[in-house]
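One file, protein_19.txt, carrying compact mmCIF, C-alpha atoms:
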```
# COMPACT_ATOMS: atom_id res chain seq x y z
CA MET A 1 33.24 15.35 70.96
CA TYR A 2 31.00 13.20 73.16
CA PHE A 3 27.32 12.31 73.06
CA SER A 4 24.71 11.48 75.69
CA LYS A 5 21.80 9.09 75.48
CA GLU A 6 19.59 12.12 75.98
CA HIS A 7 20.83 13.38 72.61
CA THR A 8 23.00 16.24 73.75
CA TRP A 9 26.64 16.64 72.71
CA VAL A 10 29.63 18.21 74.44
CA ARG A 11 32.82 19.48 72.82
CA LEU A 12 35.78 20.05 75.11
CA GLU A 13 37.79 23.13 74.14
CA GLY A 14 40.67 23.62 76.53
CA ASN A 15 39.21 24.53 79.92
CA LYS A 16 35.69 25.12 78.62
CA ALA A 17 33.01 22.89 77.12
CA VAL A 18 30.35 23.71 74.54
CA ILE A 19 27.00 21.90 74.65
CA GLY A 20 24.15 21.46 72.18
CA ILE A 21 21.63 18.93 70.86
CA THR A 22 22.49 16.36 68.23
CA ASP A 23 21.40 16.26 64.63
CA TYR A 24 19.22 13.25 65.46
CA ALA A 25 17.50 15.23 68.23
CA GLN A 26 16.75 18.26 66.07
CA SER A 27 15.38 16.03 63.35
CA GLU A 28 13.14 14.08 65.74
CA LEU A 29 11.87 17.19 67.49
CA GLY A 30 11.07 19.17 64.37
CA ASP A 31 11.37 22.91 63.90
CA ILE A 32 12.73 24.54 67.03
CA VAL A 33 10.80 27.62 68.10
CA PHE A 34 12.22 28.42 71.52
CA VAL A 35 15.14 27.57 73.80
CA GLU A 36 14.92 28.10 77.55
CA PHE A 37 18.43 28.71 78.88
CA PRO A 38 19.90 28.45 82.34
CA SER A 39 21.51 31.67 83.62
CA GLU A 40 25.21 32.42 83.48
CA GLY A 41 26.70 31.29 86.75
CA ASP A 42 24.23 28.42 87.23
CA THR A 43 25.60 24.98 87.98
CA ILE A 44 24.46 22.11 85.80
CA THR A 45 24.77 18.44 86.73
CA GLN A 46 25.42 15.52 84.43
CA GLY A 47 22.18 13.79 83.48
CA GLU A 48 19.96 16.47 85.03
CA PRO A 49 17.77 18.93 83.08
CA PHE A 50 19.35 22.36 82.55
CA GLY A 51 16.79 24.00 80.30
CA THR A 52 14.09 23.19 77.77
CA ILE A 53 13.78 23.25 74.03
CA GLU A 54 10.46 23.78 72.34
CA SER A 55 9.84 22.55 68.86
CA VAL A 56 6.57 23.00 67.10
CA LYS A 57 4.16 21.57 69.66
CA SER A 58 6.58 19.74 71.93
CA VAL A 59 8.55 21.01 74.91
CA SER A 60 11.49 18.79 75.87
CA ASP A 61 13.97 18.92 78.70
CA LEU A 62 17.64 19.47 77.86
CA HIS A 63 19.88 17.14 79.89
CA ALA A 64 23.44 18.07 80.85
CA PRO A 65 26.00 15.74 79.25
CA ILE A 66 28.57 16.80 81.87
CA SER A 67 28.55 18.96 84.99
CA GLY A 68 29.88 22.48 85.32
CA LYS A 69 29.17 26.18 85.65
CA VAL A 70 27.43 28.06 82.83
CA THR A 71 29.68 30.76 81.35
CA ALA A 72 27.77 31.70 78.21
CA ILE A 73 24.46 31.11 76.46
CA ASN A 74 23.90 31.36 72.71
CA GLU A 75 21.79 34.52 72.57
CA GLU A 76 21.43 34.26 68.81
CA LEU A 77 18.98 31.45 69.39
CA GLU A 78 16.56 33.90 71.02
CA ASP A 79 15.79 35.50 67.67
CA ALA A 80 16.70 32.58 65.45
CA PRO A 81 15.92 29.30 67.24
CA GLU A 82 15.85 27.54 63.86
CA THR A 83 19.66 27.76 63.89
CA VAL A 84 19.57 24.67 66.10
CA ASN A 85 17.96 22.75 63.23
CA GLU A 86 20.22 24.22 60.57
CA SER A 87 23.54 23.87 62.39
CA PRO A 88 23.17 21.71 65.53
CA TYR A 89 26.92 21.27 66.08
CA GLU A 90 28.24 24.70 65.11
CA LYS A 91 26.12 27.84 65.09
CA GLY A 92 23.30 26.08 67.01
CA TRP A 93 25.38 25.55 70.18
CA ILE A 94 23.28 26.16 73.28
CA ILE A 95 25.51 26.84 76.30
CA GLU A 96 29.16 27.03 77.25
CA ILE A 97 30.36 25.82 80.65
CA THR A 98 33.47 25.48 82.77
CA PRO A 99 33.42 21.72 83.44
CA SER A 100 33.86 20.50 87.00
CA ASP A 101 35.09 16.98 86.15
CA ALA A 102 35.25 16.56 82.37
CA LYS A 103 37.79 13.74 82.39
CA GLY A 104 35.83 11.70 84.89
CA GLU A 105 32.39 12.32 83.46
CA VAL A 106 33.04 11.74 79.75
CA SER A 107 33.51 8.08 80.61
CA ASN A 108 29.70 8.05 81.04
CA LEU A 109 29.19 9.36 77.50
CA LEU A 110 29.37 7.86 74.02
CA ASN A 111 31.79 8.52 71.20
CA GLU A 112 30.43 9.25 67.75
CA ASP A 113 30.33 5.62 66.58
CA ASP A 114 28.63 4.37 69.74
CA TYR A 115 26.11 7.19 69.58
CA GLN A 116 25.35 6.34 65.94
CA HIS A 117 24.82 2.74 66.98
CA TYR A 118 22.58 3.87 69.83
CA ILE A 119 20.32 5.92 67.58
CA ASP A 120 20.23 3.18 64.93
CA THR A 121 18.89 0.87 67.66
CA GLU A 122 16.33 3.50 68.70
CA ARG A 123 15.16 3.94 65.12
CA ASN A 124 14.66 0.23 64.65
CA LYS A 125 12.96 -0.57 67.95
CA MET B 1 11.08 -5.44 64.84
CA LYS B 2 8.43 -3.51 66.79
CA ASP B 3 6.56 -5.34 69.50
CA LEU B 4 2.96 -4.67 68.60
CA ARG B 5 1.29 -6.99 71.04
CA LEU B 6 -1.95 -5.82 72.62
CA GLN B 7 -1.26 -3.27 75.34
CA GLU B 8 -3.47 -2.56 78.30
CA TRP B 9 -3.83 1.16 78.81
CA ARG B 10 -5.35 2.73 81.89
CA LEU B 11 -8.42 4.92 81.37
CA LEU B 12 -9.08 7.74 83.84
CA ASP B 13 -12.48 9.27 83.21
CA TYR B 14 -12.64 12.49 85.20
CA GLY B 15 -15.27 15.20 85.29
CA PRO B 16 -14.77 18.94 85.68
CA ALA B 17 -12.05 20.61 87.70
CA ASP B 18 -10.40 24.00 87.62
CA ALA B 19 -7.48 24.77 85.32
CA TYR B 20 -4.82 24.45 88.02
CA MET B 21 -6.01 21.07 89.22
CA ASN B 22 -6.30 19.80 85.64
CA MET B 23 -2.71 20.75 84.88
CA ALA B 24 -1.44 19.36 88.19
CA ILE B 25 -3.08 15.98 87.55
CA ASP B 26 -1.69 15.77 84.00
CA GLU B 27 1.85 16.52 85.13
CA ALA B 28 1.50 14.02 87.99
CA LEU B 29 0.62 11.38 85.40
CA LEU B 30 3.72 12.29 83.38
CA LEU B 31 6.10 12.23 86.34
CA ALA B 32 4.66 8.99 87.68
CA GLN B 33 5.36 7.28 84.34
CA GLU B 34 9.08 7.82 85.02
CA GLU B 35 8.91 6.59 88.59
CA GLU B 36 6.51 3.65 88.64
CA ASN B 37 5.65 0.76 86.42
CA LEU B 38 2.38 2.26 85.21
CA PRO B 39 0.57 1.47 81.96
CA PRO B 40 0.10 4.20 79.35
CA THR B 41 -2.74 6.35 80.62
CA LEU B 42 -5.52 8.17 78.78
CA ARG B 43 -7.45 10.70 80.82
CA PHE B 44 -10.59 12.63 79.89
CA TYR B 45 -11.66 15.76 81.71
CA THR B 46 -13.45 19.09 81.42
CA TRP B 47 -12.91 22.58 82.79
CA ARG B 48 -14.88 24.48 85.39
CA PRO B 49 -14.68 27.47 85.48
CA ALA B 50 -13.72 28.47 81.92
CA ALA B 51 -10.01 29.00 81.54
CA VAL B 52 -7.23 29.97 79.20
CA SER B 53 -4.14 27.76 79.19
CA LEU B 54 -0.91 29.24 77.89
CA GLY B 55 1.90 27.31 76.25
CA TYR B 56 4.95 26.64 78.39
CA ALA B 57 7.13 29.26 76.72
CA GLN B 58 4.53 31.97 76.15
CA ASP B 59 4.88 35.43 77.58
CA ALA B 60 2.26 35.75 80.30
CA GLU B 61 1.69 39.49 79.85
CA SER B 62 1.10 39.67 76.12
CA ALA B 63 -0.72 36.39 75.58
CA VAL B 64 -4.12 37.45 76.90
CA ASN B 65 -5.68 40.43 78.68
CA ARG B 66 -5.35 39.36 82.31
CA LYS B 67 -7.65 42.10 83.61
CA LEU B 68 -10.49 41.03 81.31
CA CYS B 69 -9.96 37.40 82.30
CA LEU B 70 -10.19 38.32 85.95
CA GLN B 71 -13.36 40.35 85.38
CA ALA B 72 -14.94 37.50 83.42
CA GLY B 73 -13.97 34.88 86.01
CA ILE B 74 -11.74 33.09 83.50
CA ASP B 75 -8.75 31.31 85.07
CA VAL B 76 -5.36 31.64 83.39
CA VAL B 77 -2.88 28.79 83.77
CA ARG B 78 0.44 27.99 82.11
CA ARG B 79 0.77 24.47 80.75
CA SER B 80 3.83 22.27 80.91
CA THR B 81 3.22 21.48 77.24
CA GLY B 82 4.17 23.69 74.32
CA GLY B 83 2.08 25.58 71.83
CA ARG B 84 0.00 28.70 72.37
CA ALA B 85 -3.02 30.07 74.22
CA VAL B 86 -6.11 27.88 74.20
CA TYR B 87 -9.53 28.72 75.61
CA HIS B 88 -11.30 25.96 77.53
CA GLU B 89 -14.99 26.19 78.22
CA SER B 90 -17.35 23.89 76.44
CA GLU B 91 -14.88 21.17 75.58
CA LEU B 92 -13.68 17.66 76.23
CA THR B 93 -9.98 17.43 76.97
CA TYR B 94 -7.78 14.37 76.70
CA ALA B 95 -4.35 13.75 78.16
CA LEU B 96 -2.13 10.80 77.33
CA ALA B 97 0.90 9.90 79.46
CA VAL B 98 3.21 7.23 78.07
CA ARG B 99 6.86 6.16 78.01
CA ALA B 100 8.76 7.08 74.84
CA ALA B 101 10.13 3.52 74.81
CA ASN B 102 6.62 2.23 74.11
CA PRO B 103 6.76 0.58 70.66
CA LEU B 104 3.78 2.67 69.49
CA PHE B 105 5.69 5.91 70.17
CA SER B 106 9.13 7.28 69.42
CA ALA B 107 11.52 10.18 69.76
CA ASN B 108 9.97 11.62 66.61
CA VAL B 109 7.40 14.22 67.61
CA LYS B 110 5.40 14.08 64.39
CA GLU B 111 5.13 10.29 64.53
CA SER B 112 3.84 10.37 68.10
CA TYR B 113 1.16 12.85 67.13
CA ALA B 114 0.28 10.63 64.16
CA THR B 115 -0.17 7.59 66.43
CA ILE B 116 -2.53 9.39 68.79
CA SER B 117 -4.33 10.97 65.87
CA LYS B 118 -5.16 7.53 64.44
CA GLY B 119 -7.22 6.84 67.53
CA LEU B 120 -8.85 10.27 67.49
CA LEU B 121 -9.70 10.14 63.79
CA ALA B 122 -11.32 6.72 64.21
CA GLY B 123 -13.19 8.02 67.23
CA LEU B 124 -14.51 10.96 65.25
CA LYS B 125 -15.52 8.59 62.45
CA ASN B 126 -17.54 6.64 65.02
CA LEU B 127 -19.38 9.89 65.65
CA GLY B 128 -20.00 10.34 61.93
CA LEU B 129 -17.21 12.83 61.13
CA GLU B 130 -14.57 12.62 58.42
CA ALA B 131 -11.47 14.31 59.79
CA GLN B 132 -7.85 14.64 58.65
CA PHE B 133 -4.50 14.77 60.41
CA ALA B 134 -2.79 17.91 59.14
CA SER B 135 0.89 18.65 58.95
CA PRO B 136 1.84 21.67 56.90
CA ARG B 137 4.60 21.49 54.32
CA HIS B 138 5.54 25.09 54.68
CA ILE B 139 6.76 26.58 57.91
CA GLN B 140 5.74 30.10 58.80
CA ARG B 141 8.31 31.16 61.31
CA LYS B 142 8.29 34.90 61.37
CA GLN B 143 4.94 36.27 62.41
CA THR B 144 5.12 39.98 62.77
CA ASP B 145 1.91 40.44 64.74
CA VAL B 146 2.68 39.40 68.29
CA ARG B 147 -1.01 38.91 69.07
CA GLN B 148 -1.45 36.47 66.20
CA LYS B 149 1.61 34.65 67.43
CA ASN B 150 -0.14 34.04 70.70
CA ILE B 151 -3.35 32.37 69.69
CA CYS B 152 -3.21 28.62 69.15
CA PHE B 153 -6.18 28.38 66.84
CA LEU B 154 -4.86 30.98 64.45
CA SER B 155 -1.52 29.28 63.95
CA PRO B 156 -0.76 26.91 61.07
CA SER B 157 -2.13 23.43 61.63
CA TRP B 158 0.81 21.73 63.24
CA TYR B 159 -0.10 18.04 63.44
CA GLU B 160 -3.70 18.87 64.20
CA ILE B 161 -7.04 17.33 63.42
CA MET B 162 -9.10 19.21 60.88
CA VAL B 163 -12.62 18.86 59.56
CA GLU B 164 -13.42 20.54 56.23
CA GLY B 165 -10.35 22.73 56.56
CA ARG B 166 -11.18 23.93 60.08
CA LYS B 167 -9.17 23.00 63.14
CA LEU B 168 -11.14 20.74 65.48
CA ILE B 169 -8.59 19.16 67.81
CA GLY B 170 -5.45 21.01 68.92
CA SER B 171 -2.78 19.19 70.91
CA ALA B 172 0.53 19.87 72.62
CA GLN B 173 3.32 17.71 74.08
CA ARG B 174 5.81 17.74 76.87
CA ARG B 175 8.72 15.31 76.92
CA LEU B 176 10.85 14.40 79.89
CA ARG B 177 13.79 12.02 79.77
CA GLY B 178 11.79 8.99 78.74
CA THR B 179 8.16 10.00 78.99
CA ILE B 180 5.63 11.89 76.90
CA LEU B 181 2.55 13.85 77.89
CA GLN B 182 0.18 14.92 75.15
CA GLN B 183 -2.79 17.14 75.98
CA GLY B 184 -5.52 17.83 73.46
CA SER B 185 -8.54 20.04 73.36
CA ILE B 186 -11.79 19.00 71.63
CA PRO B 187 -14.14 22.00 71.62
CA LEU B 188 -17.82 21.12 71.64
CA LYS B 189 -19.21 24.57 70.90
CA ASN B 190 -17.14 26.89 68.76
CA ASN B 191 -16.96 29.78 71.15
CA ASP B 192 -15.44 33.04 70.00
CA LYS B 193 -15.82 34.62 73.44
CA PHE B 194 -12.11 33.96 73.74
CA LEU B 195 -11.36 36.74 71.25
CA GLU B 196 -12.73 39.31 73.68
CA ILE B 197 -9.98 38.57 76.17
CA CYS B 198 -7.19 38.78 73.63
CA ASN B 199 -5.32 42.01 73.21
CA PHE B 200 -6.85 43.06 69.91
CA PRO B 201 -7.93 46.64 69.28
CA ASP B 202 -11.71 46.75 68.60
CA ALA B 203 -11.43 47.00 64.83
CA GLN B 204 -9.33 43.88 64.71
CA THR B 205 -11.69 41.88 66.92
CA ASP B 206 -14.34 41.80 64.17
CA LEU B 207 -11.77 40.62 61.66
CA MET B 208 -10.52 38.00 64.09
CA ARG B 209 -14.08 36.84 64.65
CA SER B 210 -14.56 36.05 60.98
CA VAL B 211 -11.13 34.40 60.75
CA TRP B 212 -11.98 32.37 63.84
CA ALA B 213 -15.21 31.11 62.27
CA GLN B 214 -13.35 30.08 59.12
CA LYS B 215 -10.41 28.42 60.82
CA THR B 216 -11.87 26.70 63.88
CA ALA B 217 -14.75 24.39 64.68
CA GLY B 218 -16.55 22.72 67.55
CA LEU B 219 -17.89 19.18 67.51
CA TRP B 220 -21.51 20.43 67.54
CA ASP B 221 -20.88 22.27 64.27
CA TYR B 222 -20.95 18.85 62.62
CA ILE B 223 -23.10 16.54 64.73
CA GLU B 224 -26.14 16.84 67.00
CA PRO B 225 -25.09 17.45 70.60
CA LEU B 226 -24.64 14.19 72.50
CA PRO B 227 -24.03 13.34 76.15
CA LEU B 228 -20.30 13.53 76.78
CA ASP B 229 -20.22 9.85 77.74
CA LYS B 230 -21.20 8.95 74.18
CA VAL B 231 -18.39 11.10 72.80
CA LYS B 232 -15.88 9.45 75.13
CA GLU B 233 -17.16 5.96 74.23
CA ALA B 234 -16.71 6.72 70.53
CA LEU B 235 -13.15 7.98 71.11
CA ILE B 236 -12.24 4.97 73.27
CA ARG B 237 -13.52 2.63 70.57
CA GLY B 238 -11.50 4.62 68.04
CA PHE B 239 -8.29 3.96 69.97
CA GLU B 240 -9.09 0.29 70.41
CA GLU B 241 -10.00 -0.14 66.73
CA THR B 242 -6.84 1.44 65.30
CA LEU B 243 -4.11 0.72 67.84
CA PRO B 244 -3.29 -2.56 69.58
CA VAL B 245 -4.62 -1.24 72.87
CA LYS B 246 -7.35 -2.04 75.34
CA LEU B 247 -8.49 0.77 77.61
CA ILE B 248 -9.30 -0.38 81.12
CA PRO B 249 -10.83 1.98 83.69
CA GLY B 250 -8.35 2.46 86.53
CA GLU B 251 -7.47 4.52 89.56
CA PHE B 252 -4.84 7.02 90.55
CA SER B 253 -1.84 5.50 92.33
CA ALA B 254 -0.75 6.73 95.77
CA LEU B 255 2.29 8.36 94.14
CA GLU B 256 0.11 10.17 91.61
CA LYS B 257 -2.14 11.47 94.40
CA SER B 258 0.83 12.81 96.32
CA LEU B 259 2.43 14.33 93.20
CA THR B 260 -0.87 16.04 92.39
CA ARG B 261 -0.98 17.67 95.83
CA GLU B 262 2.53 19.11 95.34
CA LEU B 263 1.92 20.14 91.74
CA GLU B 264 -1.35 21.85 92.57
CA ILE B 265 0.67 24.32 94.66
CA LYS B 266 2.95 24.99 91.71
CA TYR B 267 0.11 25.51 89.23
CA ARG B 268 -1.73 27.88 91.55
CA SER B 269 1.38 30.03 92.03
CA PRO B 270 1.96 33.37 90.26
CA GLN B 271 5.65 32.45 89.87
CA TRP B 272 4.65 29.63 87.56
CA ASN B 273 1.76 31.29 85.74
CA ASN B 274 3.10 34.81 85.34
CA ARG B 275 6.36 33.94 83.74
CA ASN B 276 7.60 36.50 81.22
CA ARG B 277 9.71 35.80 78.19
```
What does this structure look like when you write it as C-alpha cells?
Amino acid sequence: MYFSKEHTWVRLEGNKAVIGITDYAQSELGDIVFVEFPSEGDTITQGEPFGTIESVKSVSDLHAPISGKVTAINEELEDAPETVNESPYEKGWIIEITPSDAKGEVSNLLNEDDYQHYIDTERNK
Amino acid sequence: MKDLRLQEWRLLDYGPADAYMNMAIDEALLLAQEEENLPPTLRFYTWRPAAVSLGYAQDAESAVNRKLCLQAGIDVVRRSTGGRAVYHESELTYALAVRAANPLFSANVKESYATISKGLLAGLKNLGLEAQFASPRHIQRKQTDVRQKNICFLSPSWYEIMVEGRKLIGSAQRRLRGTILQQGSIPLKNNDKFLEICNFPDAQTDLMRSVWAQKTAGLWDYIEPLPLDKVKEALIRGFEETLPVKLIPGEFSALEKSLTRELEIKYRSPQWNNRNR
C-alpha cells in the first residue's frame, strides 16, 4: 500500500489498483456527505484531481496517487458516504483503476512509515 | 512550533455584483493563491440582483423552484464551496482565500472554521453582539425530507455563528491541493422571501416561515442598522484583534483579473449551474 502527500492511498492488487483517502484525511475533513466520482473509462493522472469529496461544509479535490483508467467506482458511497469515515481503507474505497505505470509511479509515493512521519510533521507545524 | 508572527493580509473591499461575477472572483482568488505568491486575502462584497447560491454538490432541479426564481428576477448560481442553498439579498458576504500551509490554518476543517470565526466573533462583539461558534455533537445524517435537506439555514449548525440560538453567519469551504476558500454570508435583514422560491407545498410554507424565524437571524434583528462600511470596519478590527494579522487594502493582480474573465464564462454557463446529482 502506498500513500500520497494529498492524503490518498493506493493498493496494488495484481493488475488493478484500488484508491481511497487516508484515515488522517477523513479525520481532518470531518463527516463525509458526498463523493463526486469520475466515470468508468476515464483516465486519471498522478497528482491531478479526479473527483471531489464533500464533508460537512468543505469540498475538497481528490488527487490521483497513480495514473490509470477507471474500471469501477464504489457505488455504496452514494447512499452511505459516511463509510469513508468508518472504513477508509476497506469498505470506504473510492475507485478502482487499471494502472498505466504502477511500478514507475509508486516511486513518487510514500510507504506507511514515511506517510506517518509526513502527517506528524503536518500536525506539528 | 507554529510561526505566529504578524501576517499582512490583503483586503479587497468590493461593492455589489451579480452572483456569477461574485463566484468567479472568489474562485480566481483561490486559484491565484496556488499560482502566485499572494498574501491571504479577505474580500467583502454584496449581491445585486438578489440570488440563490447552491452548494457544489446540490441537485440543481430539486434545490429551488427555478421558474419562480426566473419570474422574481433572482439569479441562481452554483458555488464551488460545499453546503446547501443560501439566499443572498440584503447581506454582507465575506470570502477568505489562503494557503493551507499558513500557520493559522490546517488540514482540519473544523479548526480552520474556528480560526476565521474568532475574527468574526470579535467583529460582532465590536458591533455590540454576543455570538457563539457552534459545532453540533450529534450528526443528523439521514434527512428524509429532500426539501429540508436543501436549505442551508434549516440544517444543523455546522461550525456556524449563532446569536441567541439563531444562525447568523453561515459559511462554506472549498479546498484545492494546498489552498482554502471560505465564503460566508452575513444577512442584514432576516428575509423569508427565500421560502417562496423553495419547493414547499403551500401548507408547509407557513410552517417553514415560523421555523425560519426561530432558527435564523439578520444583523438588524440585534442592532440598529448601520452603514455597511461601519460593519466592515468592526469585522476588520475583529480579525486584527484576535489573530496576528494586519489587513491592508490591496488590488487584484493581473493573473486574478484574467482568471476572473475565464471563470465568469464558467459561472454563467448552464452546464455549471444546472448540474444534476
Find the residues around Asp113 (chain A) up to 10 Å (all atoms listed in the file counted), leave out those fewer than 4 positions away in its own chain, and share them as an mmCIF file with C-alpha atoms, in the coordinates of the input.
```cif
data_model
loop_
_atom_site.group_PDB
_atom_site.id
_atom_site.type_symbol
_atom_site.label_atom_id
_atom_site.label_comp_id
_atom_site.auth_asym_id
_atom_site.auth_seq_id
_atom_site.Cartn_x
_atom_site.Cartn_y
_atom_site.Cartn_z
ATOM 1 C CA PHE A 3 27.320 12.310 73.060
ATOM 2 C CA HIS A 117 24.820 2.740 66.980
ATOM 3 C CA TYR A 118 22.580 3.870 69.830
#
```
**Request:** Could you jot down the CA of Ala60 (chain B) to CA of Asp75 (chain B) separation for me, Å, one decimal place?
**Result:**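 Computing the Euclidean distance for CA of Ala60 (chain B) and CA of Asp75 (chain B) yields 12.8 Å.
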**Request:** In the coordinate frame of the file, compute which residues have an atom within 7 Å of (17.0, 9.4, 67.5) when using only C-alpha atoms, and state them as an NGL selection string.
**Result:** (:A and (24-25 or 28 or 119 or 122-123)) or (:B and (107))
**Item:** Expected answer as a PyMOL selection string: chain A residues within 6 Å of chain B, only C-alpha atoms
**Value:** chain A and resi 28-29+57-61+125
**Request:** For Met1 (chain A), please output as a list in words all residues within 9 Å (counting all atoms listed in the file; exclusion window: fewer than 3 positions along the same chain).
**Result:**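 Surrounding residues, per the criterion: Trp9, Val10, Arg11, Leu12, Leu110, Asn111 and Glu112 of chain A.
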**Message:** When you look at region 63-75 of chain A with a cut-off of 9 Å (counting only C-alpha atoms), what residues show up, excluding the ones that are within fewer than 5 positions of it in the same chain? I need them as number ranges by chain.
**Reply:** A: 2-10, 16-17, 19, 37-52, 80, 91-102, 105-106, 108-109; B: 177
Restricting it to C-alpha atoms, dump the selection as a PDB file, keeping the file's coordinate frame.
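See result_10.pdb below for the written result:
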```pdb
ATOM      1  CA  TYR A   2      31.000  13.200  73.160  1.00  0.00           C
ATOM      2  CA  PHE A   3      27.320  12.310  73.060  1.00  0.00           C
ATOM      3  CA  SER A   4      24.710  11.480  75.690  1.00  0.00           C
ATOM      4  CA  LYS A   5      21.800   9.090  75.480  1.00  0.00           C
ATOM      5  CA  GLU A   6      19.590  12.120  75.980  1.00  0.00           C
ATOM      6  CA  HIS A   7      20.830  13.380  72.610  1.00  0.00           C
ATOM      7  CA  THR A   8      23.000  16.240  73.750  1.00  0.00           C
ATOM      8  CA  TRP A   9      26.640  16.640  72.710  1.00  0.00           C
ATOM      9  CA  VAL A  10      29.630  18.210  74.440  1.00  0.00           C
ATOM     10  CA  LYS A  16      35.690  25.120  78.620  1.00  0.00           C
ATOM     11  CA  ALA A  17      33.010  22.890  77.120  1.00  0.00           C
ATOM     12  CA  ILE A  19      27.000  21.900  74.650  1.00  0.00           C
ATOM     13  CA  PHE A  37      18.430  28.710  78.880  1.00  0.00           C
ATOM     14  CA  PRO A  38      19.900  28.450  82.340  1.00  0.00           C
ATOM     15  CA  SER A  39      21.510  31.670  83.620  1.00  0.00           C
ATOM     16  CA  GLU A  40      25.210  32.420  83.480  1.00  0.00           C
ATOM     17  CA  GLY A  41      26.700  31.290  86.750  1.00  0.00           C
ATOM     18  CA  ASP A  42      24.230  28.420  87.230  1.00  0.00           C
ATOM     19  CA  THR A  43      25.600  24.980  87.980  1.00  0.00           C
ATOM     20  CA  ILE A  44      24.460  22.110  85.800  1.00  0.00           C
ATOM     21  CA  THR A  45      24.770  18.440  86.730  1.00  0.00           C
ATOM     22  CA  GLN A  46      25.420  15.520  84.430  1.00  0.00           C
ATOM     23  CA  GLY A  47      22.180  13.790  83.480  1.00  0.00           C
ATOM     24  CA  GLU A  48      19.960  16.470  85.030  1.00  0.00           C
ATOM     25  CA  PRO A  49      17.770  18.930  83.080  1.00  0.00           C
ATOM     26  CA  PHE A  50      19.350  22.360  82.550  1.00  0.00           C
ATOM     27  CA  GLY A  51      16.790  24.000  80.300  1.00  0.00           C
ATOM     28  CA  THR A  52      14.090  23.190  77.770  1.00  0.00           C
ATOM     29  CA  ALA A  80      16.700  32.580  65.450  1.00  0.00           C
ATOM     30  CA  LYS A  91      26.120  27.840  65.090  1.00  0.00           C
ATOM     31  CA  GLY A  92      23.300  26.080  67.010  1.00  0.00           C
ATOM     32  CA  TRP A  93      25.380  25.550  70.180  1.00  0.00           C
ATOM     33  CA  ILE A  94      23.280  26.160  73.280  1.00  0.00           C
ATOM     34  CA  ILE A  95      25.510  26.840  76.300  1.00  0.00           C
ATOM     35  CA  GLU A  96      29.160  27.030  77.250  1.00  0.00           C
ATOM     36  CA  ILE A  97      30.360  25.820  80.650  1.00  0.00           C
ATOM     37  CA  THR A  98      33.470  25.480  82.770  1.00  0.00           C
ATOM     38  CA  PRO A  99      33.420  21.720  83.440  1.00  0.00           C
ATOM     39  CA  SER A 100      33.860  20.500  87.000  1.00  0.00           C
ATOM     40  CA  ASP A 101      35.090  16.980  86.150  1.00  0.00           C
ATOM     41  CA  ALA A 102      35.250  16.560  82.370  1.00  0.00           C
ATOM     42  CA  GLU A 105      32.390  12.320  83.460  1.00  0.00           C
ATOM     43  CA  VAL A 106      33.040  11.740  79.750  1.00  0.00           C
ATOM     44  CA  ASN A 108      29.700   8.050  81.040  1.00  0.00           C
ATOM     45  CA  LEU A 109      29.190   9.360  77.500  1.00  0.00           C
TER      46      LEU A 109
ATOM     47  CA  ARG B 177      13.790  12.020  79.770  1.00  0.00           C
TER      48      ARG B 177
END
```
**Message:** So that I can check the surroundings of region 33-50 of chain B, please list as number ranges by chain every protein, DNA and RNA residue that reaches within 7 Å of it, counting all atoms listed in the file and ignoring chain neighbours fewer than 4 positions away.
**Reply:** B: 8-19, 29, 74-75, 88-89, 91-99, 178-179
**Request:** Could you please determine the separation between CA of Asp192 (chain B) and CA of Val52 (chain B) in Å, to one decimal place?
**Result:** 12.7 Å
**Asked** What is the distance, in Å and to one decimal place, between CA of Gly119 (chain B) and CA of Arg237 (chain B)?
**Response**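 Separation of CA of Gly119 (chain B) and CA of Arg237 (chain B): 8.2 Å.
Checking B:Ala114, B:Ile265, B:Leu195, B:Ala254 one by one against Ala63 (chain B), counting all atoms listed in the file, you find the shortest gap at B:Leu195.
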Would you compute an axis-aligned box for region 88-104 of chain B, covering every atom listed for it in the file with 4 Å of margin on each side, and report centre and edge lengths in Å to one decimal as lines of an AutoDock Vina configuration file?
```
center_x = -3.6
center_y = 13.4
center_z = 74.5
size_x = 35.5
size_y = 33.6
size_z = 18.0
```
**Request:** Would you kindly return, as an MDAnalysis selection string, each protein, DNA or RNA residue with an atom no farther than 8 Å from any atom of Ile169 (chain B), considering all atoms listed in the file and excluding same-chain residues fewer than 2 positions away?
**Result:** chainID B and resid 160:162 167 171 184:187
